[in-house]
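Quick look at coords17.cif (mmCIF, C-alpha atoms and all ligand atoms):
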```cif
data_final
#
loop_
_atom_site.label_atom_id
_atom_site.label_comp_id
_atom_site.auth_asym_id
_atom_site.auth_seq_id
_atom_site.Cartn_x
_atom_site.Cartn_y
_atom_site.Cartn_z
CA MET F 1 0.00 0.00 0.00
CA ARG F 2 1.29 3.50 -0.83
CA VAL F 3 0.69 5.83 2.09
CA LEU F 4 1.28 9.57 2.25
CA VAL F 5 2.34 10.35 5.82
CA ILE F 6 1.53 13.89 6.93
CA ASN F 7 2.90 15.63 9.98
CA SER F 8 1.31 19.10 10.17
CA GLY F 9 2.70 21.67 12.55
CA SER F 10 1.27 25.10 13.21
CA SER F 11 3.38 26.66 10.43
CA SER F 12 4.95 23.65 8.72
CA LEU F 13 3.93 20.46 6.98
CA LYS F 14 6.23 17.44 6.66
CA TYR F 15 5.32 14.68 4.26
CA GLN F 16 6.68 11.36 3.11
CA VAL F 17 5.34 8.68 0.78
CA ARG F 18 5.92 5.14 2.05
CA ASP F 19 5.34 1.81 0.39
CA THR F 20 4.30 -0.54 3.18
CA GLU F 21 5.18 -3.71 1.26
CA SER F 22 8.68 -2.78 0.12
CA ASN F 23 9.23 -0.20 2.90
CA GLU F 24 10.62 2.03 0.14
CA ILE F 25 10.67 5.76 0.90
CA GLY F 26 9.13 7.80 -1.92
CA ALA F 27 8.83 11.56 -2.20
CA THR F 28 9.60 13.38 1.01
CA GLY F 29 9.54 17.05 1.87
CA LEU F 30 8.94 19.90 4.26
CA ILE F 31 6.86 23.00 3.61
CA GLU F 32 7.55 25.83 6.02
CA ARG F 33 6.32 29.32 6.89
CA ILE F 34 2.64 28.48 6.36
CA GLY F 35 0.57 31.61 7.04
CA GLU F 36 3.64 33.72 7.75
CA GLY F 37 3.65 35.72 4.51
CA ALA F 38 7.12 36.07 2.93
CA GLY F 39 6.20 33.91 -0.05
CA GLY F 40 5.12 30.89 2.01
CA PRO F 41 1.70 29.26 1.47
CA ALA F 42 -1.19 31.25 3.00
CA ASN F 43 -2.74 28.25 4.74
CA HIS F 44 -2.63 24.46 5.06
CA GLY F 45 -4.84 24.11 1.96
CA GLU F 46 -2.24 25.89 -0.15
CA ALA F 47 0.50 23.85 1.48
CA MET F 48 -1.36 20.67 0.45
CA ASP F 49 -1.60 22.04 -3.11
CA GLN F 50 2.19 22.31 -3.06
CA VAL F 51 2.52 18.74 -1.77
CA ALA F 52 0.16 17.48 -4.48
CA ALA F 53 2.12 19.38 -7.14
CA ALA F 54 5.39 17.92 -5.86
CA LEU F 55 3.89 14.41 -5.90
CA GLU F 56 2.11 14.73 -9.24
CA ALA F 57 4.66 13.09 -11.53
CA GLY F 58 5.05 10.07 -9.24
CA LEU F 59 1.32 9.74 -8.55
CA ALA F 60 0.44 9.22 -12.22
CA GLU F 61 2.55 6.08 -12.16
CA LYS F 62 1.87 4.90 -8.60
CA PRO F 63 -1.27 6.41 -7.06
CA LEU F 64 -1.67 6.83 -3.32
CA ASP F 65 -3.88 4.34 -1.45
CA ALA F 66 -4.24 6.28 1.80
CA VAL F 67 -3.06 9.19 3.91
CA GLY F 68 -1.81 8.74 7.49
CA HIS F 69 -1.75 11.75 9.81
CA ARG F 70 0.41 12.11 12.89
CA VAL F 71 -2.02 13.60 15.40
CA VAL F 72 -0.42 14.81 18.60
CA HIS F 73 -3.31 14.55 21.06
CA GLY F 74 -5.91 11.80 21.19
CA GLY F 75 -7.06 12.67 24.71
CA GLU F 76 -8.74 9.86 26.65
CA ARG F 77 -10.77 8.65 23.71
CA PHE F 78 -8.22 7.37 21.22
CA SER F 79 -6.16 4.34 22.17
CA GLU F 80 -5.58 3.18 18.59
CA PRO F 81 -5.23 4.59 15.08
CA VAL F 82 -8.64 5.30 13.50
CA LEU F 83 -10.16 5.80 10.08
CA ILE F 84 -11.07 9.48 9.81
CA ASN F 85 -14.60 10.68 9.12
CA ASN F 86 -16.30 13.98 9.98
CA GLU F 87 -17.12 12.88 13.51
CA ILE F 88 -13.49 11.84 14.18
CA THR F 89 -12.22 15.15 12.78
CA ARG F 90 -14.56 17.03 15.12
CA ALA F 91 -13.43 14.87 18.05
CA ILE F 92 -9.78 15.74 17.29
CA GLU F 93 -10.81 19.39 17.06
CA ARG F 94 -12.49 19.20 20.48
CA LEU F 95 -9.08 18.24 21.90
CA ASN F 96 -7.55 21.52 20.63
CA PRO F 97 -7.37 23.05 24.13
CA LEU F 98 -5.11 20.16 25.25
CA ALA F 99 -2.63 20.70 22.37
CA PRO F 100 -3.26 24.26 21.19
CA LEU F 101 -0.27 24.41 18.84
CA HIS F 102 -0.62 20.96 17.31
CA ASN F 103 -4.18 19.62 17.05
CA PRO F 104 -5.56 22.63 15.15
CA ALA F 105 -2.78 22.14 12.57
CA ASN F 106 -3.57 18.40 12.36
CA VAL F 107 -7.24 19.20 11.71
CA LEU F 108 -6.27 21.71 9.01
CA GLY F 109 -4.13 19.03 7.38
CA ILE F 110 -7.02 16.52 7.44
CA ARG F 111 -9.50 19.03 6.01
CA ALA F 112 -7.04 20.07 3.29
CA ILE F 113 -6.76 16.43 2.14
CA THR F 114 -10.55 15.93 2.33
CA ALA F 115 -11.05 19.00 0.12
CA LYS F 116 -8.40 17.89 -2.36
CA TRP F 117 -9.08 14.13 -2.52
CA PRO F 118 -12.56 13.52 -1.04
CA ASP F 119 -12.44 9.74 -1.56
CA MET F 120 -8.97 9.15 -0.11
CA PRO F 121 -9.03 7.00 3.07
CA GLN F 122 -7.37 8.94 5.90
CA VAL F 123 -6.14 7.54 9.20
CA ALA F 124 -5.22 9.42 12.39
CA VAL F 125 -2.28 7.99 14.36
CA PHE F 126 -2.09 9.53 17.83
CA ASP F 127 1.08 10.36 19.75
CA THR F 128 -0.75 9.73 23.03
CA ALA F 129 -2.42 6.41 22.10
CA PHE F 130 0.28 3.98 23.25
CA HIS F 131 0.08 5.49 26.74
CA ARG F 132 -3.67 4.85 27.14
CA THR F 133 -2.68 1.74 29.15
CA LEU F 134 -1.21 3.83 31.98
CA PRO F 135 -2.83 2.80 35.27
CA GLU F 136 -4.54 5.52 37.30
CA HIS F 137 -1.72 5.66 39.85
CA ALA F 138 0.61 6.71 37.01
CA TRP F 139 -1.65 9.15 35.16
CA ARG F 140 -3.28 10.96 38.07
CA TYR F 141 -1.76 14.13 39.56
CA ALA F 142 -2.27 14.66 43.27
CA VAL F 143 -4.48 17.73 42.75
CA PRO F 144 -8.23 18.26 43.29
CA ASP F 145 -10.34 16.02 41.08
CA SER F 146 -12.18 19.06 39.71
CA LEU F 147 -9.07 19.93 37.66
CA TYR F 148 -9.30 16.56 35.97
CA ARG F 149 -13.06 16.73 35.45
CA LYS F 150 -13.17 20.36 34.34
CA TYR F 151 -9.99 20.65 32.27
CA GLY F 152 -8.81 17.09 31.65
CA ILE F 153 -5.67 17.76 33.72
CA ARG F 154 -3.94 14.38 33.99
CA ARG F 155 -0.84 12.78 32.52
CA TYR F 156 -1.23 11.72 28.85
CA GLY F 157 2.32 11.12 27.58
CA PHE F 158 3.62 11.62 24.03
CA HIS F 159 6.04 10.05 21.50
CA GLY F 160 3.77 6.98 21.70
CA THR F 161 4.17 6.01 18.04
CA SER F 162 7.93 5.91 18.47
CA HIS F 163 7.84 4.11 21.83
CA GLU F 164 5.52 1.43 20.45
CA PHE F 165 7.55 0.93 17.25
CA VAL F 166 10.84 0.71 19.14
CA THR F 167 9.37 -1.63 21.77
CA ALA F 168 8.27 -4.12 19.08
CA ARG F 169 11.68 -4.08 17.38
CA ALA F 170 13.59 -4.38 20.64
CA ALA F 171 11.55 -7.44 21.65
CA GLU F 172 12.14 -8.93 18.20
CA LEU F 173 15.90 -8.32 18.47
CA LEU F 174 16.00 -10.17 21.81
CA GLY F 175 13.68 -12.93 20.57
CA VAL F 176 11.09 -12.22 23.29
CA PRO F 177 7.34 -12.17 22.46
CA VAL F 178 6.36 -8.52 22.85
CA GLU F 179 3.58 -9.41 25.32
CA ASP F 180 6.27 -10.83 27.64
CA PHE F 181 8.66 -7.92 27.19
CA ASN F 182 9.54 -5.51 29.99
CA ALA F 183 11.72 -2.55 29.08
CA VAL F 184 12.60 1.06 29.66
CA VAL F 185 12.54 2.93 26.34
CA ALA F 186 14.39 6.25 26.07
CA HIS F 187 13.34 8.41 23.11
CA LEU F 188 16.05 11.07 23.19
CA GLY F 189 15.65 13.59 20.40
CA ASN F 190 15.24 17.33 20.67
CA GLY F 191 12.15 16.37 22.66
CA ALA F 192 12.83 13.49 25.03
CA SER F 193 10.71 11.02 26.95
CA LEU F 194 10.94 7.67 28.65
CA ALA F 195 8.39 4.86 28.57
CA ALA F 196 8.08 2.12 31.18
CA VAL F 197 6.92 -0.91 29.19
CA LYS F 198 5.51 -3.96 30.95
CA GLY F 199 4.27 -6.90 28.91
CA GLY F 200 4.65 -4.75 25.80
CA ALA F 201 2.29 -2.03 27.15
CA SER F 202 3.14 1.44 28.41
CA ILE F 203 2.56 1.67 32.18
CA ASP F 204 4.34 4.97 32.77
CA THR F 205 5.95 7.72 30.77
CA SER F 206 7.87 10.85 31.64
CA MET F 207 5.90 13.44 29.65
CA GLY F 208 2.63 14.39 31.29
CA PHE F 209 -0.25 16.80 30.64
CA THR F 210 2.04 18.41 28.07
CA PRO F 211 5.44 17.42 26.63
CA LEU F 212 7.16 19.70 29.18
CA GLU F 213 7.28 17.22 32.07
CA GLY F 214 10.11 14.79 32.71
CA LEU F 215 13.58 14.67 31.23
CA VAL F 216 15.91 17.55 30.45
CA MET F 217 15.39 18.16 26.69
CA GLY F 218 16.92 20.29 23.93
CA THR F 219 15.04 23.45 24.88
CA ARG F 220 12.60 22.23 27.58
CA SER F 221 13.34 22.18 31.29
CA GLY F 222 11.55 18.92 32.10
CA ASP F 223 10.62 18.55 35.79
CA ILE F 224 10.90 21.67 37.92
CA ASP F 225 9.26 22.77 41.16
CA PRO F 226 5.87 24.11 39.99
CA SER F 227 6.15 26.92 42.54
CA ILE F 228 8.83 28.45 40.32
CA LEU F 229 6.09 29.27 37.80
CA VAL F 230 4.02 31.03 40.44
CA PHE F 231 7.10 32.83 41.72
CA LEU F 232 7.95 34.06 38.21
CA GLN F 233 4.39 35.19 37.64
CA ARG F 234 4.61 37.22 40.85
CA GLN F 235 7.83 38.76 39.50
CA GLY F 236 5.72 40.05 36.59
CA LEU F 237 6.27 37.47 33.86
CA SER F 238 3.20 36.68 31.76
CA ALA F 239 1.88 33.17 31.11
CA ASP F 240 3.20 33.35 27.53
CA GLU F 241 6.64 34.44 28.73
CA ILE F 242 6.84 31.57 31.21
CA ASP F 243 5.65 29.16 28.51
CA THR F 244 8.41 30.34 26.13
CA LEU F 245 11.01 30.31 28.89
CA LEU F 246 10.37 26.70 29.87
CA ASN F 247 9.61 25.24 26.43
CA ARG F 248 12.04 27.11 24.21
CA GLU F 249 14.77 28.69 26.31
CA SER F 250 15.53 25.95 28.84
CA GLY F 251 17.05 22.45 28.82
CA LEU F 252 20.40 21.95 27.09
CA LYS F 253 20.06 25.35 25.44
CA ALA F 254 19.93 27.03 28.85
CA LEU F 255 22.62 24.86 30.44
CA PHE F 256 25.12 25.15 27.59
CA GLY F 257 23.84 27.80 25.15
CA ASP F 258 23.22 25.32 22.32
CA ASN F 259 20.81 22.39 22.16
CA ASP F 260 22.87 20.29 19.74
CA MET F 261 24.24 17.29 21.61
CA ARG F 262 27.20 17.01 19.21
CA ALA F 263 28.39 20.51 20.13
CA ILE F 264 27.96 19.76 23.84
CA VAL F 265 29.89 16.49 23.71
CA ASP F 266 32.69 18.11 21.66
CA ALA F 267 32.93 21.03 24.08
CA ALA F 268 32.94 18.74 27.13
CA GLU F 269 35.72 16.65 25.58
CA ALA F 270 37.69 19.87 25.03
CA GLY F 271 37.35 20.62 28.75
CA ASP F 272 34.38 23.05 28.74
CA LYS F 273 32.93 23.06 32.28
CA GLN F 274 29.46 24.27 31.30
CA ALA F 275 29.16 21.53 28.69
CA GLN F 276 30.06 18.92 31.30
CA VAL F 277 27.46 20.34 33.70
CA ALA F 278 24.86 20.13 30.91
CA LEU F 279 25.76 16.48 30.30
CA ASP F 280 25.74 15.72 34.02
CA VAL F 281 22.34 17.30 34.71
CA THR F 282 20.79 15.57 31.69
CA SER F 283 22.30 12.12 32.20
CA TYR F 284 21.69 12.19 35.97
CA ARG F 285 17.98 12.97 35.52
CA LEU F 286 17.66 10.27 32.90
CA ALA F 287 19.47 7.66 35.03
CA LYS F 288 17.17 8.42 38.00
CA TYR F 289 14.13 7.89 35.78
CA ILE F 290 15.56 4.65 34.35
CA GLY F 291 16.08 3.32 37.88
CA GLY F 292 12.53 4.25 38.80
CA TYR F 293 11.04 2.66 35.69
CA HIS F 294 13.09 -0.51 36.20
CA VAL F 295 11.22 -0.82 39.50
CA ALA F 296 7.89 0.17 37.90
CA VAL F 297 8.03 -2.60 35.27
CA GLY F 298 9.07 -5.21 37.85
CA GLY F 299 12.55 -5.60 36.34
CA ALA F 300 13.42 -4.51 32.83
CA GLN F 301 14.92 -6.98 30.35
CA ALA F 302 16.26 -4.08 28.29
CA ILE F 303 17.06 -0.39 28.33
CA VAL F 304 16.49 0.91 24.82
CA PHE F 305 17.96 4.08 23.34
CA THR F 306 16.35 5.74 20.31
CA ALA F 307 15.93 9.04 18.37
CA GLY F 308 18.61 11.59 17.39
CA ILE F 309 20.67 11.55 20.60
CA GLY F 310 19.80 7.99 21.68
CA GLU F 311 20.78 6.52 18.30
CA ASN F 312 23.80 8.67 17.49
CA SER F 313 25.53 9.82 20.65
CA ALA F 314 27.75 7.02 21.96
CA ALA F 315 29.21 9.53 24.42
CA PHE F 316 25.84 10.37 25.94
CA ARG F 317 24.82 6.68 26.20
CA GLU F 318 28.11 6.06 28.00
CA GLN F 319 27.42 8.87 30.49
CA VAL F 320 23.97 7.49 31.25
CA VAL F 321 24.99 3.85 31.60
CA ALA F 322 27.92 4.87 33.83
CA ARG F 323 25.29 6.02 36.34
CA LEU F 324 23.48 2.65 36.28
CA GLY F 325 26.20 0.60 37.99
CA ALA F 326 23.91 -0.17 40.94
CA LEU F 327 21.63 -2.07 38.53
CA GLY F 328 24.51 -4.20 37.23
CA VAL F 329 24.28 -2.64 33.77
CA LYS F 330 27.50 -2.89 31.76
CA LEU F 331 28.15 -1.22 28.44
CA ASP F 332 30.31 -2.92 25.79
CA GLY F 333 32.60 0.03 24.92
CA ALA F 334 33.44 -1.21 21.42
CA ALA F 335 29.86 -2.17 20.50
CA ASN F 336 28.65 1.21 21.77
CA LEU F 337 30.94 3.00 19.29
CA VAL F 338 29.67 1.10 16.23
CA ARG F 339 27.59 3.35 13.96
CA SER F 340 24.74 1.51 12.29
CA GLY F 341 21.17 2.00 11.16
CA SER F 342 20.16 -1.42 12.52
CA PRO F 343 18.86 -2.42 15.95
CA ARG F 344 21.77 -3.66 18.06
CA VAL F 345 22.91 -4.70 21.54
CA VAL F 346 25.55 -2.44 23.10
CA SER F 347 25.89 -4.09 26.53
CA THR F 348 28.23 -6.92 27.58
CA PRO F 349 26.89 -10.50 27.74
CA ASP F 350 27.07 -10.37 31.58
CA SER F 351 25.19 -7.05 31.90
CA ALA F 352 22.22 -7.55 34.26
CA ILE F 353 19.99 -5.67 31.79
CA ALA F 354 20.58 -5.57 28.03
CA VAL F 355 21.24 -2.13 26.59
CA LEU F 356 19.97 -1.68 23.04
CA VAL F 357 20.08 0.96 20.34
CA VAL F 358 16.98 0.72 18.15
CA PRO F 359 16.48 3.33 15.41
CA THR F 360 12.98 4.78 15.41
CA ASP F 361 11.01 5.54 12.24
CA GLU F 362 7.77 7.35 12.99
CA GLU F 363 6.87 7.62 9.28
CA GLN F 364 7.16 3.87 8.83
CA ALA F 365 5.11 3.28 11.98
CA ILE F 366 2.39 5.69 10.78
CA ALA F 367 2.38 4.16 7.28
CA GLU F 368 2.06 0.62 8.69
CA ALA F 369 -0.69 1.63 11.12
CA THR F 370 -2.54 3.43 8.33
CA ALA F 371 -2.36 0.41 6.02
CA ALA F 372 -3.58 -1.90 8.81
CA VAL F 373 -6.61 0.31 9.57
CA VAL F 374 -7.52 0.73 5.89
CA LEU F 375 -7.22 -3.01 5.20
CA ALA F 376 -9.41 -3.83 8.21
CA SER F 377 -12.11 -1.28 7.26
P1 LIG I 401 15.50 14.21 16.76
O1 LIG I 401 14.58 15.16 17.45
O2 LIG I 401 15.22 12.77 17.05
O3 LIG I 401 15.67 14.49 15.29
O4 LIG I 401 16.94 14.47 17.41
C1 LIG I 401 17.61 15.69 17.20
C2 LIG I 401 18.81 15.79 18.12
O5 LIG I 401 19.67 14.65 17.95
C3 LIG I 401 19.71 16.99 17.79
O6 LIG I 401 19.33 18.11 18.53
C4 LIG I 401 21.09 16.53 18.17
O7 LIG I 401 21.37 17.02 19.47
C5 LIG I 401 21.01 15.03 18.27
N1 LIG I 401 21.95 14.35 17.36
C6 LIG I 401 21.77 14.06 16.06
N2 LIG I 401 22.87 13.45 15.56
C7 LIG I 401 23.76 13.36 16.57
C8 LIG I 401 25.09 12.85 16.72
N3 LIG I 401 25.74 12.28 15.70
N4 LIG I 401 25.67 12.93 17.93
C9 LIG I 401 25.02 13.51 18.95
N5 LIG I 401 23.78 14.00 18.89
C10 LIG I 401 23.16 13.94 17.72
#
```
If you took the structure in this file and wrote it as structure tokens, what would it be?
Amino acid sequence: MRVLVINSGSSSLKYQVRDTESNEIGATGLIERIGEGAGGPANHGEAMDQVAAALEAGLAEKPLDAVGHRVVHGGERFSEPVLINNEITRAIERLNPLAPLHNPANVLGIRAITAKWPDMPQVAVFDTAFHRTLPEHAWRYAVPDSLYRKYGIRRYGFHGTSHEFVTARAAELLGVPVEDFNAVVAHLGNGASLAAVKGGASIDTSMGFTPLEGLVMGTRSGDIDPSILVFLQRQGLSADEIDTLLNRESGLKALFGDNDMRAIVDAAEAGDKQAQVALDVTSYRLAKYIGGYHVAVGGAQAIVFTAGIGENSAAFREQVVARLGALGVKLDGAANLVRSGSPRVVSTPDSAIAVLVVPTDEEQAIAEATAAVVLAS
């Protein structure tokens, strides 16, 4: 099946055509500055016109069978990918307040396709869906229930498509049926989150009501004392300023001045103190979470690294695993340095928990999920 995978952001639209039988990657592209003037498309409809124009030559030969959308927030309703109809689109739209930057863009992307190709099957694949198996003790915040009932304030978790994809491949690599697989999965990209996987299902995850909670990320603070927000507000900062501060000006960017892990590792190796502090704060937080999730899953069989930093930074993996000595985790130094696009083990045979590097591929995961839903419909 040929699937067009769409990832709409508020002002950008990423697309990729995937063949789910051959796993071949077809046309791929990014349209930016939507609605920002300066020669960019005026809206998501125009952006879709550009995608269609870019795809035209290829489509004549090999038409599309379906479109798969990455939808950030599926709220409490969506625990699986679904075939989109008007009611589903409206349900995604009703979740706009929970993901004000993302869901409106996803809905615009869906409507643009509906207008352009009314008969094209479309599937929504939700970033929150894999975490719908979180038990109440993991998703509930210790705040008055009215906040949950009135505003839906609870932990949802994100990066679910990646966590699920990587979990399946890690289990396969170790030859364990996924329903018997316990693991801690670390998706470490510019955004970063951890999933505690028990019996193949997510039972905890480090992102919460929004993607801000949890690990130290490229530009996000992760966990901080919530009173800091109130304190800053009393100092005169607005809600928008605090939002920008914690989501865009914090994390590695704040600790080092740059959120690129390569630059941080290079600087630390050259003796830069601030770079080492950035690595220490980030790896220490992550190691604490891994220890906690090892307990949560009742003993992990594997710790799995994925995404930009997890897949590519041998130095960062080494810093993290060095903090896991109490768990009997041992890295194989040589295996850790191997660069490869394949899933691999980077721990020693006598490590108490296997350490894996498993490349993620959200487009492939979305294309496969889309094909499965369309074939079953
Ligand atoms: P992602 O969001 O998954 O695309 O990951 C992006 C992040 O991966 C970048 O901000 C980099 O810090 C990091 N990254 C990519 N390649 C490397 C590399 N070779 N070494 C260290 N970090 C890398």
All residues 12 Å or closer to F:Asp258, all atoms listed in the file, same chain fewer than 6 positions away omitted, as a ChimeraX atom specification: /F:190,217-219,248-252,264-267,274-275,278
Quick one: which chain F residues come within 9 Å of ligand LIG 401 (chain I), and what is the nearest atom pair for each with the distance in Å to one decimal, counting all atoms listed in the file, rows ordered by chain and ascending number, as a tab-separated table?
```
residue	atom	partner	partner_atom	distance
F:His187	CA	I:LIG401	O2	7.7
F:Leu188	CA	I:LIG401	O2	6.4
F:Gly189	CA	I:LIG401	O4	3.4
F:Asn190	CA	I:LIG401	O1	3.9
F:Gly191	CA	I:LIG401	O1	5.9
F:Ala192	CA	I:LIG401	O1	8.0
F:Gly218	CA	I:LIG401	O6	6.3
F:Asp258	CA	I:LIG401	O7	9.0
F:Asn259	CA	I:LIG401	O6	5.8
F:Asp260	CA	I:LIG401	O7	3.6
F:Met261	CA	I:LIG401	O7	3.6
F:Arg262	CA	I:LIG401	C9	4.1
F:Ala263	CA	I:LIG401	C9	7.9
F:Ile264	CA	I:LIG401	O7	8.4
F:Val265	CA	I:LIG401	C9	7.4
F:Thr306	CA	I:LIG401	O2	7.8
F:Ala307	CA	I:LIG401	O2	4.0
F:Gly308	CA	I:LIG401	O5	3.3
F:Ile309	CA	I:LIG401	O5	4.2
F:Gly310	CA	I:LIG401	O5	7.6
F:Glu311	CA	I:LIG401	C7	7.7
F:Asn312	CA	I:LIG401	C8	4.4
F:Ser313	CA	I:LIG401	C9	4.1
F:Ala314	CA	I:LIG401	N4	7.4
F:Ala315	CA	I:LIG401	C9	8.0
F:Phe316	CA	I:LIG401	C9	7.7
F:Thr360	CA	I:LIG401	O2	8.5
```
Show me, as JSON lines, the residues of stretch 92-126 of chain F having an atom within 9 Å of stretch 140-162 of chain F, each with the closest atom pair and its distance in Å, using all atoms listed in the file.
```
{"residue": "F:Pro97", "atom": "CA", "partner": "F:Tyr151", "partner_atom": "CA", "distance": 8.9}
{"residue": "F:Leu98", "atom": "CA", "partner": "F:Gly152", "partner_atom": "CA", "distance": 8.0}
{"residue": "F:Val125", "atom": "CA", "partner": "F:Thr161", "partner_atom": "CA", "distance": 7.7}
{"residue": "F:Phe126", "atom": "CA", "partner": "F:Thr161", "partner_atom": "CA", "distance": 7.2}
```
Non-local contacts of stretch 27-42 of chain F (8 Å; only C-alpha atoms; under 3 positions in same chain excluded) as a ChimeraX atom specification: /F:10-17,46-47,55
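Residue nearest F:Met1, chosen from F:Thr370, F:Gln122, F:Ser377, F:Ser283 and counting all atoms listed in the file: F:Thr370.
With only C-alpha atoms as the basis for measurement, F:Arg323 is the residue among F:Arg323, F:Arg90, F:His73, F:His137 that approaches F:Gly291 most closely.
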Distance query stretch 234-243 of chain F at most 10 Å, all atoms listed in the file, self and fewer than 6 positions along chain excluded, as number ranges by chain: F: 212, 220, 228, 249
Residues within 10 Å of (-6.5, 2.3, 30.5), file coords, only C-alpha atoms, listed as a ChimeraX atom specification: /F:76,79,131-136,139,202-203
